[in-house]
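Asker: Coordinates in model.cif, mmCIF, C-alpha atoms, are listed below.
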data_data
#
loop_
_atom_site.group_PDB
_atom_site.id
_atom_site.type_symbol
_atom_site.label_atom_id
_atom_site.label_comp_id
_atom_site.auth_asym_id
_atom_site.auth_seq_id
_atom_site.Cartn_x
_atom_site.Cartn_y
_atom_site.Cartn_z
ATOM 1 C CA MET D 14 -15.202 -15.608 3.202
ATOM 2 C CA ALA D 15 -13.901 -16.301 -0.279
ATOM 3 C CA PRO D 16 -11.119 -14.105 -1.693
ATOM 4 C CA ILE D 17 -12.362 -10.950 -3.367
ATOM 5 C CA SER D 18 -11.679 -10.478 -7.073
ATOM 6 C CA THR D 19 -10.410 -7.089 -8.247
ATOM 7 C CA PRO D 20 -9.455 -5.783 -11.700
ATOM 8 C CA GLN D 21 -6.035 -5.392 -13.266
ATOM 9 C CA THR D 22 -3.248 -3.692 -11.320
ATOM 10 C CA PRO D 23 -1.007 -2.106 -13.960
ATOM 11 C CA PHE D 24 1.114 -0.243 -11.401
ATOM 12 C CA GLY D 25 0.893 -2.666 -8.495
ATOM 13 C CA ARG D 26 -1.416 -2.233 -5.515
ATOM 14 C CA VAL D 27 0.361 -0.004 -2.975
ATOM 15 C CA LEU D 28 2.163 3.099 -4.219
ATOM 16 C CA THR D 29 3.412 6.083 -2.280
ATOM 17 C CA ALA D 30 3.305 9.581 -3.751
ATOM 18 C CA MET D 31 6.866 10.430 -2.771
ATOM 19 C CA ILE D 32 8.083 13.739 -1.408
ATOM 20 C CA THR D 33 11.078 15.371 -3.070
ATOM 21 C CA PRO D 34 13.953 15.700 -0.583
ATOM 22 C CA PHE D 35 15.909 18.946 -0.612
ATOM 23 C CA THR D 36 19.227 19.844 0.966
ATOM 24 C CA ALA D 37 19.482 22.417 3.739
ATOM 25 C CA ASP D 38 19.999 25.176 1.158
ATOM 26 C CA GLY D 39 16.920 24.107 -0.840
ATOM 27 C CA ALA D 40 18.656 22.255 -3.668
ATOM 28 C CA LEU D 41 17.498 18.890 -4.985
ATOM 29 C CA ASP D 42 18.818 16.060 -2.780
ATOM 30 C CA LEU D 43 19.221 13.158 -5.193
ATOM 31 C CA ASP D 44 21.070 10.977 -2.710
ATOM 32 C CA GLY D 45 18.289 11.515 -0.192
ATOM 33 C CA ALA D 46 15.697 10.710 -2.852
ATOM 34 C CA GLN D 47 17.409 7.420 -3.616
ATOM 35 C CA ARG D 48 17.663 6.480 0.058
ATOM 36 C CA LEU D 49 14.011 7.363 0.668
ATOM 37 C CA ALA D 50 12.875 5.465 -2.446
ATOM 38 C CA ALA D 51 14.766 2.362 -1.316
ATOM 39 C CA HIS D 52 13.273 2.661 2.171
ATOM 40 C CA LEU D 53 9.737 2.900 0.772
ATOM 41 C CA VAL D 54 10.154 -0.086 -1.528
ATOM 42 C CA ASP D 55 11.739 -2.105 1.281
ATOM 43 C CA ALA D 56 8.666 -1.247 3.368
ATOM 44 C CA GLY D 57 6.403 -2.874 0.801
ATOM 45 C CA ASN D 58 5.527 -0.360 -1.896
ATOM 46 C CA ASP D 59 4.929 -1.805 -5.359
ATOM 47 C CA GLY D 60 5.536 1.576 -6.912
ATOM 48 C CA LEU D 61 6.376 5.215 -6.351
ATOM 49 C CA ILE D 62 4.909 8.367 -7.824
ATOM 50 C CA VAL D 63 7.591 11.022 -8.322
ATOM 51 C CA ASN D 64 6.995 14.647 -9.276
ATOM 52 C CA GLY D 65 3.438 14.649 -7.988
ATOM 53 C CA THR D 66 1.827 17.254 -5.753
ATOM 54 C CA THR D 67 3.403 15.700 -2.661
ATOM 55 C CA GLY D 68 6.697 15.928 -4.539
ATOM 56 C CA GLU D 69 6.278 19.731 -4.724
ATOM 57 C CA SER D 70 6.152 19.530 -8.509
ATOM 58 C CA PRO D 71 4.806 23.096 -8.869
ATOM 59 C CA THR D 72 8.146 24.351 -7.521
ATOM 60 C CA THR D 73 10.648 22.058 -9.269
ATOM 61 C CA SER D 74 12.107 22.777 -12.676
ATOM 62 C CA ASP D 75 11.762 20.478 -15.673
ATOM 63 C CA ALA D 76 15.448 19.597 -15.343
ATOM 64 C CA GLU D 77 15.022 18.736 -11.652
ATOM 65 C CA LYS D 78 12.017 16.576 -12.465
ATOM 66 C CA ASP D 79 14.059 14.609 -14.976
ATOM 67 C CA GLN D 80 16.986 14.219 -12.573
ATOM 68 C CA LEU D 81 14.610 12.919 -9.896
ATOM 69 C CA VAL D 82 13.016 10.335 -12.198
ATOM 70 C CA ARG D 83 16.436 9.079 -13.270
ATOM 71 C CA ALA D 84 17.715 8.901 -9.682
ATOM 72 C CA VAL D 85 14.697 6.976 -8.381
ATOM 73 C CA LEU D 86 14.821 4.600 -11.340
ATOM 74 C CA GLU D 87 18.475 3.924 -10.624
ATOM 75 C CA ALA D 88 17.670 3.200 -6.985
ATOM 76 C CA VAL D 89 14.542 1.030 -7.279
ATOM 77 C CA GLY D 90 13.517 0.762 -10.910
ATOM 78 C CA ASP D 91 14.190 -2.975 -10.998
ATOM 79 C CA ARG D 92 11.990 -3.562 -7.915
ATOM 80 C CA ALA D 93 9.070 -1.152 -8.269
ATOM 81 C CA HIS D 94 6.975 0.787 -10.760
ATOM 82 C CA VAL D 95 8.307 4.329 -11.074
ATOM 83 C CA VAL D 96 5.494 6.580 -12.288
ATOM 84 C CA ALA D 97 6.349 10.136 -13.311
ATOM 85 C CA GLY D 98 3.969 12.967 -12.588
ATOM 86 C CA ILE D 99 3.799 15.067 -15.762
ATOM 87 C CA GLY D 100 0.565 17.006 -15.302
ATOM 88 C CA THR D 101 0.335 20.745 -15.839
ATOM 89 C CA ASN D 102 -2.402 23.084 -17.063
ATOM 90 C CA ASP D 103 -0.578 23.567 -20.386
ATOM 91 C CA THR D 104 -0.978 20.602 -22.709
ATOM 92 C CA ARG D 105 2.146 21.343 -24.751
ATOM 93 C CA HIS D 106 4.253 21.570 -21.613
ATOM 94 C CA THR D 107 2.738 18.339 -20.324
ATOM 95 C CA LEU D 108 3.577 16.534 -23.563
ATOM 96 C CA ASP D 109 7.190 17.691 -23.290
ATOM 97 C CA LEU D 110 7.376 16.342 -19.734
ATOM 98 C CA ALA D 111 5.782 13.050 -20.806
ATOM 99 C CA ARG D 112 8.285 12.511 -23.612
ATOM 100 C CA THR D 113 11.182 13.364 -21.310
ATOM 101 C CA ALA D 114 9.923 10.890 -18.709
ATOM 102 C CA GLU D 115 9.698 8.180 -21.374
ATOM 103 C CA ARG D 116 13.248 8.872 -22.547
ATOM 104 C CA SER D 117 14.448 8.684 -18.950
ATOM 105 C CA GLY D 118 12.919 5.228 -18.494
ATOM 106 C CA ALA D 119 9.805 5.907 -16.392
ATOM 107 C CA HIS D 120 7.389 2.994 -16.252
ATOM 108 C CA GLY D 121 4.248 5.103 -16.452
ATOM 109 C CA LEU D 122 2.761 8.598 -16.308
ATOM 110 C CA LEU D 123 0.479 10.319 -13.793
ATOM 111 C CA ALA D 124 -1.577 13.064 -15.432
ATOM 112 C CA VAL D 125 -3.541 15.392 -13.170
ATOM 113 C CA THR D 126 -6.567 17.325 -14.357
ATOM 114 C CA PRO D 127 -5.447 20.747 -15.634
ATOM 115 C CA TYR D 128 -5.878 23.220 -12.797
ATOM 116 C CA TYR D 129 -6.893 26.881 -12.570
ATOM 117 C CA ASN D 130 -7.915 27.346 -16.225
ATOM 118 C CA LYS D 131 -10.962 25.035 -15.725
ATOM 119 C CA PRO D 132 -11.307 23.368 -19.150
ATOM 120 C CA SER D 133 -14.552 21.823 -20.379
ATOM 121 C CA GLN D 134 -15.052 18.057 -20.472
ATOM 122 C CA GLU D 135 -14.176 18.114 -24.179
ATOM 123 C CA GLY D 136 -11.000 19.968 -23.273
ATOM 124 C CA LEU D 137 -10.170 17.292 -20.696
ATOM 125 C CA LEU D 138 -10.836 14.558 -23.233
ATOM 126 C CA GLN D 139 -8.492 16.114 -25.772
ATOM 127 C CA HIS D 140 -5.838 16.952 -23.165
ATOM 128 C CA PHE D 141 -5.619 13.428 -21.732
ATOM 129 C CA SER D 142 -5.874 11.822 -25.176
ATOM 130 C CA ALA D 143 -2.950 13.929 -26.373
ATOM 131 C CA ILE D 144 -0.885 12.716 -23.413
ATOM 132 C CA ALA D 145 -1.708 9.093 -24.164
ATOM 133 C CA ASP D 146 -0.820 9.603 -27.824
ATOM 134 C CA ALA D 147 2.512 11.253 -27.033
ATOM 135 C CA THR D 148 4.363 8.196 -25.672
ATOM 136 C CA GLU D 149 4.103 4.422 -25.408
ATOM 137 C CA LEU D 150 3.778 4.577 -21.616
ATOM 138 C CA PRO D 151 0.644 3.607 -19.664
ATOM 139 C CA VAL D 152 -1.206 6.577 -18.187
ATOM 140 C CA MET D 153 -2.886 6.982 -14.803
ATOM 141 C CA LEU D 154 -5.363 9.848 -14.726
ATOM 142 C CA TYR D 155 -5.567 11.905 -11.536
ATOM 143 C CA ASP D 156 -9.035 13.228 -10.701
ATOM 144 C CA ILE D 157 -8.847 15.740 -7.850
ATOM 145 C CA PRO D 158 -11.441 18.493 -8.333
ATOM 146 C CA GLY D 159 -10.715 20.025 -4.935
ATOM 147 C CA ARG D 160 -7.351 21.142 -6.322
ATOM 148 C CA SER D 161 -8.009 21.373 -10.039
ATOM 149 C CA GLY D 162 -11.445 22.984 -9.886
ATOM 150 C CA VAL D 163 -12.885 20.563 -12.461
ATOM 151 C CA PRO D 164 -13.925 16.918 -12.011
ATOM 152 C CA ILE D 165 -13.468 14.332 -14.719
ATOM 153 C CA ASP D 166 -17.076 13.348 -15.347
ATOM 154 C CA THR D 167 -18.011 9.683 -15.535
ATOM 155 C CA GLU D 168 -18.855 9.937 -19.243
ATOM 156 C CA THR D 169 -15.435 11.461 -19.903
ATOM 157 C CA LEU D 170 -13.698 8.702 -17.933
ATOM 158 C CA VAL D 171 -15.582 6.081 -19.941
ATOM 159 C CA ARG D 172 -14.516 7.675 -23.209
ATOM 160 C CA LEU D 173 -10.898 8.062 -22.068
ATOM 161 C CA ALA D 174 -10.786 4.402 -21.058
ATOM 162 C CA GLU D 175 -11.210 3.490 -24.724
ATOM 163 C CA HIS D 176 -7.617 4.635 -25.302
ATOM 164 C CA PRO D 177 -5.335 1.600 -24.966
ATOM 165 C CA ARG D 178 -2.727 3.498 -22.933
ATOM 166 C CA ILE D 179 -5.130 5.120 -20.457
ATOM 167 C CA VAL D 180 -5.300 2.266 -17.969
ATOM 168 C CA ALA D 181 -5.941 3.688 -14.505
ATOM 169 C CA ASN D 182 -7.399 6.492 -12.443
ATOM 170 C CA LYS D 183 -6.235 7.964 -9.140
ATOM 171 C CA ASP D 184 -9.448 8.987 -7.444
ATOM 172 C CA ALA D 185 -9.398 11.926 -5.037
ATOM 173 C CA LYS D 186 -12.939 13.049 -5.853
ATOM 174 C CA GLY D 187 -14.382 11.873 -2.544
ATOM 175 C CA ASP D 188 -17.608 10.594 -4.108
ATOM 176 C CA LEU D 189 -18.181 6.857 -3.675
ATOM 177 C CA GLY D 190 -21.329 6.918 -5.786
ATOM 178 C CA ARG D 191 -19.645 8.412 -8.818
ATOM 179 C CA ALA D 192 -16.632 6.164 -8.261
ATOM 180 C CA SER D 193 -18.928 3.126 -8.283
ATOM 181 C CA TRP D 194 -20.435 4.036 -11.624
ATOM 182 C CA ALA D 195 -17.102 5.016 -13.187
ATOM 183 C CA ILE D 196 -15.404 1.785 -12.088
ATOM 184 C CA ALA D 197 -18.274 -0.324 -13.388
ATOM 185 C CA ARG D 198 -18.526 1.436 -16.717
ATOM 186 C CA SER D 199 -14.914 2.296 -17.564
ATOM 187 C CA GLY D 200 -13.007 -0.818 -16.530
ATOM 188 C CA LEU D 201 -10.090 1.377 -15.470
ATOM 189 C CA ALA D 202 -7.812 0.166 -12.701
ATOM 190 C CA TRP D 203 -8.939 2.321 -9.789
ATOM 191 C CA TYR D 204 -6.543 3.643 -7.151
ATOM 192 C CA SER D 205 -7.623 5.460 -4.024
ATOM 193 C CA GLY D 206 -6.013 8.880 -3.930
ATOM 194 C CA ASP D 207 -7.583 9.793 -0.595
ATOM 195 C CA ASP D 208 -6.135 7.797 2.304
ATOM 196 C CA MET D 209 -9.217 8.126 4.499
ATOM 197 C CA LEU D 210 -11.210 6.385 1.737
ATOM 198 C CA ASN D 211 -8.750 3.560 1.026
ATOM 199 C CA LEU D 212 -11.003 0.870 2.494
ATOM 200 C CA PRO D 213 -14.332 2.274 1.232
ATOM 201 C CA LEU D 214 -12.979 2.533 -2.301
ATOM 202 C CA LEU D 215 -11.838 -1.087 -2.199
ATOM 203 C CA SER D 216 -15.446 -2.003 -1.427
ATOM 204 C CA VAL D 217 -16.689 -0.471 -4.692
ATOM 205 C CA GLY D 218 -13.959 -1.969 -6.878
ATOM 206 C CA ALA D 219 -10.666 -0.129 -6.378
ATOM 207 C CA CYS D 220 -7.534 -2.249 -6.843
ATOM 208 C CA GLY D 221 -5.086 -0.330 -4.676
ATOM 209 C CA PHE D 222 -3.819 2.934 -3.244
ATOM 210 C CA VAL D 223 -1.703 5.915 -4.216
ATOM 211 C CA SER D 224 -0.951 7.054 -0.697
ATOM 212 C CA VAL D 225 0.646 9.904 1.198
ATOM 213 C CA VAL D 226 0.601 8.141 4.570
ATOM 214 C CA GLY D 227 2.474 5.309 2.872
ATOM 215 C CA HIS D 228 5.610 7.264 3.788
ATOM 216 C CA LEU D 229 4.956 6.055 7.344
ATOM 217 C CA VAL D 230 2.595 3.060 7.343
ATOM 218 C CA THR D 231 3.109 1.039 4.156
ATOM 219 C CA PRO D 232 3.162 -2.308 6.040
ATOM 220 C CA GLU D 233 -0.193 -1.476 7.603
ATOM 221 C CA LEU D 234 -1.663 -0.453 4.249
ATOM 222 C CA ARG D 235 -0.501 -3.721 2.741
ATOM 223 C CA ALA D 236 -2.005 -5.656 5.636
ATOM 224 C CA LEU D 237 -5.324 -3.838 5.199
ATOM 225 C CA LEU D 238 -5.358 -4.536 1.474
ATOM 226 C CA GLU D 239 -4.359 -8.178 1.817
ATOM 227 C CA ALA D 240 -6.951 -8.788 4.534
ATOM 228 C CA TYR D 241 -9.662 -7.276 2.360
ATOM 229 C CA LEU D 242 -8.644 -9.263 -0.713
ATOM 230 C CA ALA D 243 -8.585 -12.447 1.366
ATOM 231 C CA GLY D 244 -12.184 -11.780 2.359
ATOM 232 C CA ASP D 245 -11.392 -10.776 5.947
ATOM 233 C CA VAL D 246 -13.269 -7.494 5.919
ATOM 234 C CA ALA D 247 -13.419 -7.371 9.713
ATOM 235 C CA LYS D 248 -9.618 -7.386 9.953
ATOM 236 C CA ALA D 249 -9.350 -4.784 7.181
ATOM 237 C CA THR D 250 -11.810 -2.597 9.068
ATOM 238 C CA GLU D 251 -9.838 -3.013 12.290
ATOM 239 C CA ILE D 252 -6.651 -1.827 10.549
ATOM 240 C CA HIS D 253 -8.535 1.057 8.910
ATOM 241 C CA GLN D 254 -9.829 2.210 12.281
ATOM 242 C CA ARG D 255 -6.404 1.870 13.874
ATOM 243 C CA LEU D 256 -4.992 4.160 11.181
ATOM 244 C CA LEU D 257 -7.650 6.872 11.560
ATOM 245 C CA PRO D 258 -5.413 9.102 13.744
ATOM 246 C CA VAL D 259 -2.671 8.880 11.100
ATOM 247 C CA TYR D 260 -5.069 9.777 8.293
ATOM 248 C CA THR D 261 -6.392 12.695 10.320
ATOM 249 C CA GLY D 262 -3.050 13.965 11.543
ATOM 250 C CA MET D 263 -1.336 13.871 8.179
ATOM 251 C CA PHE D 264 -4.014 16.077 6.640
ATOM 252 C CA ARG D 265 -4.680 18.616 9.380
ATOM 253 C CA THR D 266 -2.743 20.922 7.070
ATOM 254 C CA GLN D 267 -1.126 20.497 3.651
ATOM 255 C CA GLY D 268 0.122 16.932 3.186
ATOM 256 C CA VAL D 269 3.660 17.607 2.008
ATOM 257 C CA MET D 270 4.230 19.861 5.018
ATOM 258 C CA THR D 271 3.194 17.153 7.476
ATOM 259 C CA THR D 272 4.963 14.396 5.554
ATOM 260 C CA LYS D 273 8.305 16.178 5.566
ATOM 261 C CA ALA D 274 7.894 16.958 9.266
ATOM 262 C CA ALA D 275 7.075 13.314 10.022
ATOM 263 C CA LEU D 276 10.010 12.013 7.993
ATOM 264 C CA ALA D 277 12.326 14.417 9.800
ATOM 265 C CA LEU D 278 11.050 13.063 13.141
ATOM 266 C CA LYS D 279 11.924 9.561 11.915
ATOM 267 C CA GLY D 280 15.361 10.594 10.657
ATOM 268 C CA LEU D 281 14.523 9.917 7.003
ATOM 269 C CA PRO D 282 15.474 12.170 4.057
ATOM 270 C CA ALA D 283 13.159 15.138 3.661
ATOM 271 C CA GLY D 284 14.758 18.546 4.091
ATOM 272 C CA PRO D 285 13.064 21.925 3.863
ATOM 273 C CA LEU D 286 10.083 22.945 1.758
ATOM 274 C CA ARG D 287 10.013 25.408 -1.098
ATOM 275 C CA LEU D 288 7.710 28.390 -0.832
ATOM 276 C CA PRO D 289 4.781 28.701 -0.838
ATOM 277 C CA MET D 290 4.936 25.578 1.372
ATOM 278 C CA VAL D 291 6.212 26.388 4.872
ATOM 279 C CA GLU D 292 7.384 24.420 7.894
ATOM 280 C CA LEU D 293 4.889 23.352 10.535
ATOM 281 C CA THR D 294 4.584 25.547 13.594
ATOM 282 C CA ALA D 295 5.730 24.142 16.945
ATOM 283 C CA GLU D 296 2.076 23.585 17.884
ATOM 284 C CA GLU D 297 1.346 21.794 14.608
ATOM 285 C CA SER D 298 4.436 19.599 15.009
ATOM 286 C CA SER D 299 3.397 18.617 18.538
ATOM 287 C CA GLN D 300 -0.110 17.741 17.361
ATOM 288 C CA LEU D 301 1.298 15.693 14.473
ATOM 289 C CA ALA D 302 3.489 13.691 16.862
ATOM 290 C CA LEU D 303 0.439 12.991 19.051
ATOM 291 C CA ASP D 304 -1.652 11.913 16.048
ATOM 292 C CA LEU D 305 1.023 9.592 14.727
ATOM 293 C CA ALA D 306 1.618 8.049 18.126
ATOM 294 C CA ALA D 307 -2.140 7.453 18.502
ATOM 295 C CA GLY D 308 -2.016 5.580 15.186
ATOM 296 C CA GLY D 309 0.903 3.403 16.263
ATOM 297 C CA VAL D 310 3.673 5.144 14.302
ATOM 298 C CA GLN D 311 7.034 4.848 16.047
ATOM 299 C CA LEU D 312 8.976 8.123 15.916
#
Represent the supplied structure as structure tokens.
Answerer:
Amino acid sequence: MAPISTPQTPFGRVLTAMITPFTADGALDLDGAQRLAAHLVDAGNDGLIVNGTTGESPTTSDAEKDQLVRAVLEAVGDRAHVVAGIGTNDTRHTLDLARTAERSGAHGLLAVTPYYNKPSQEGLLQHFSAIADATELPVMLYDIPGRSGVPIDTETLVRLAEHPRIVANKDAKGDLGRASWAIARSGLAWYSGDDMLNLPLLSVGACGFVSVVGHLVTPELRALLEAYLAGDVAKATEIHQRLLPVYTGMFRTQGVMTTKAALALKGLPAGPLRLPMVELTAEESSQLALDLAAGGVQL
């Protein structure tokens, strides 16, 4: 088959939404963050998301967020896109975080839908537009109604795409039909934000992934993507099916909990979680090890 054409890739194709390592006493582990960032880029990531949900951003201070962005930039900023998560449910606070990330040298911004207060579509339009107006950085929207309570409707995505700095969307909506229409109509670079749907979203026009399982299987994700883009859908499907136990195991419970447990099993920087996240139980840890082994992950 002929190679498959996909749209622009402003942040690369394979990005991992990075955990935030902490020391044994719960403090920010900047050295561990730099070592983990270097490991992930060496594994094949084009970019890293820092201060996202998997980075426990609800529990880190603004100062810690800035320190983390600076540390990761120092470690890998010349080799990968470093995208700073700046989303909150308070637009003014979000704008402050966006401007700080720009001053610190971040290459882009990830802006999640405001959560809990459930704004209208007009509220979403104004919120995201204000973010894009606040800096000169490119913006990736993050549509995850299961967490935020509100989807970004297709019409809203189309209108937001008119802003020159809103260039991408991380899709964790879980609706291939709506994704198909939004990709076709908006022209945004589309990133799968749901690992189980990485391959299906490629088939409707996604350009890459923002992954959690990328902490463990970036080479496999790259192989899947490259096979698909080369027109070898059968090989991409084979890799997708081989990774199904990993996708399942990493989301049997909250993703940052399983990711930190998996990284600890591999001897990579992770550390404890901050409440309300808690460590896996012994039974959950055993099941995770079985799932990862079934998906070919060496622990």
Asker: Since I can't run it myself right now, could you work out what the PyMOL selection byres ((chain D and resi 196) around 10) selects here and report it as a PyMOL selection string?
Answerer: chain D and resi 20+167+170-171+181-182+191-195+197-203+217-219
Asker: Between CA of His52 in chain D and CA of Val85 in chain D, what is the spacing in Å?
Answerer: 11.5 Å
Asker: Can you tell me how far CA of Gly159 in chain D sits from CA of Ser216 in chain D, in Å to one decimal?
Answerer: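 Going from CA of Gly159 in chain D over to CA of Ser216 in chain D covers 22.8 Å.
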Asker: Where does the PyMOL selection byres ((chain D and resi 206) around 6) land in this file, that is, which residues does it pick, as an NGL selection string?
Answerer: :D and (183-185 or 205 or 207 or 223)
Asker: Since I can't run it myself right now, could you work out what the PyMOL selection byres ((chain D and resi 26) around 7) selects here and report it as a PDB file with C-alpha atoms, in the coordinates of the input?
Answerer:
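Generated file (result03.pdb):
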ATOM      1  CA  THR D  22      -3.248  -3.692 -11.320  1.00  0.00           C
ATOM      2  CA  PHE D  24       1.114  -0.243 -11.401  1.00  0.00           C
ATOM      3  CA  GLY D  25       0.893  -2.666  -8.495  1.00  0.00           C
ATOM      4  CA  VAL D  27       0.361  -0.004  -2.975  1.00  0.00           C
ATOM      5  CA  LEU D  28       2.163   3.099  -4.219  1.00  0.00           C
ATOM      6  CA  ASP D  59       4.929  -1.805  -5.359  1.00  0.00           C
ATOM      7  CA  CYS D 220      -7.534  -2.249  -6.843  1.00  0.00           C
ATOM      8  CA  GLY D 221      -5.086  -0.330  -4.676  1.00  0.00           C
ATOM      9  CA  PHE D 222      -3.819   2.934  -3.244  1.00  0.00           C
TER      10      PHE D 222
END
Asker: Which value, in Å to one decimal, gives the distance between CA of Gly121 in chain D and CA of Met263 in chain D?
Answerer: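 CA of Met263 in chain D lies at a distance of 26.7 Å from CA of Gly121 in chain D.
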Asker: So that all listed atoms of range 169-184 of chain D fit with 8 Å spare on each side, what axis-aligned box centre and edge lengths in Å, to one decimal, would you give as JSON?
Answerer:
{"center_x": -9.2, "center_y": 6.5, "center_z": -16.4, "size_x": 28.9, "size_y": 25.9, "size_z": 33.9}
Asker: Contacts of Gln139 in chain D at 12 Å or less, counting all atoms listed in the file, minus same-chain residues fewer than 2 places along, as a ChimeraX atom specification?
Answerer: /D:104-105,126-127,132-137,141-146,169-170,172-173,176
Asker: Rank D:Ala240, D:Ala295, D:Leu303, D:Ala247 by their smallest atom-to-atom distance to Gly262 in chain D, using only C-alpha atoms, and report the top residue only.
Answerer: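 Ranked by minimum distance to Gly262 in chain D, first place goes to D:Leu303.
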Asker: Need to verify the contact set: Leu150 in chain D, 7 Å, all atoms listed in the file, exclusion of same-chain residues closer than 2 positions in sequence. Can you return it as a PyMOL selection string?
Answerer: chain D and resi 115+120-122+148+152+178
Asker: Pick the closest to Gly280 in chain D from D:Gln311, D:Ser161, D:Thr33, D:Gln47: which is it, counting all atoms listed in the file?
Answerer: D:Gln311
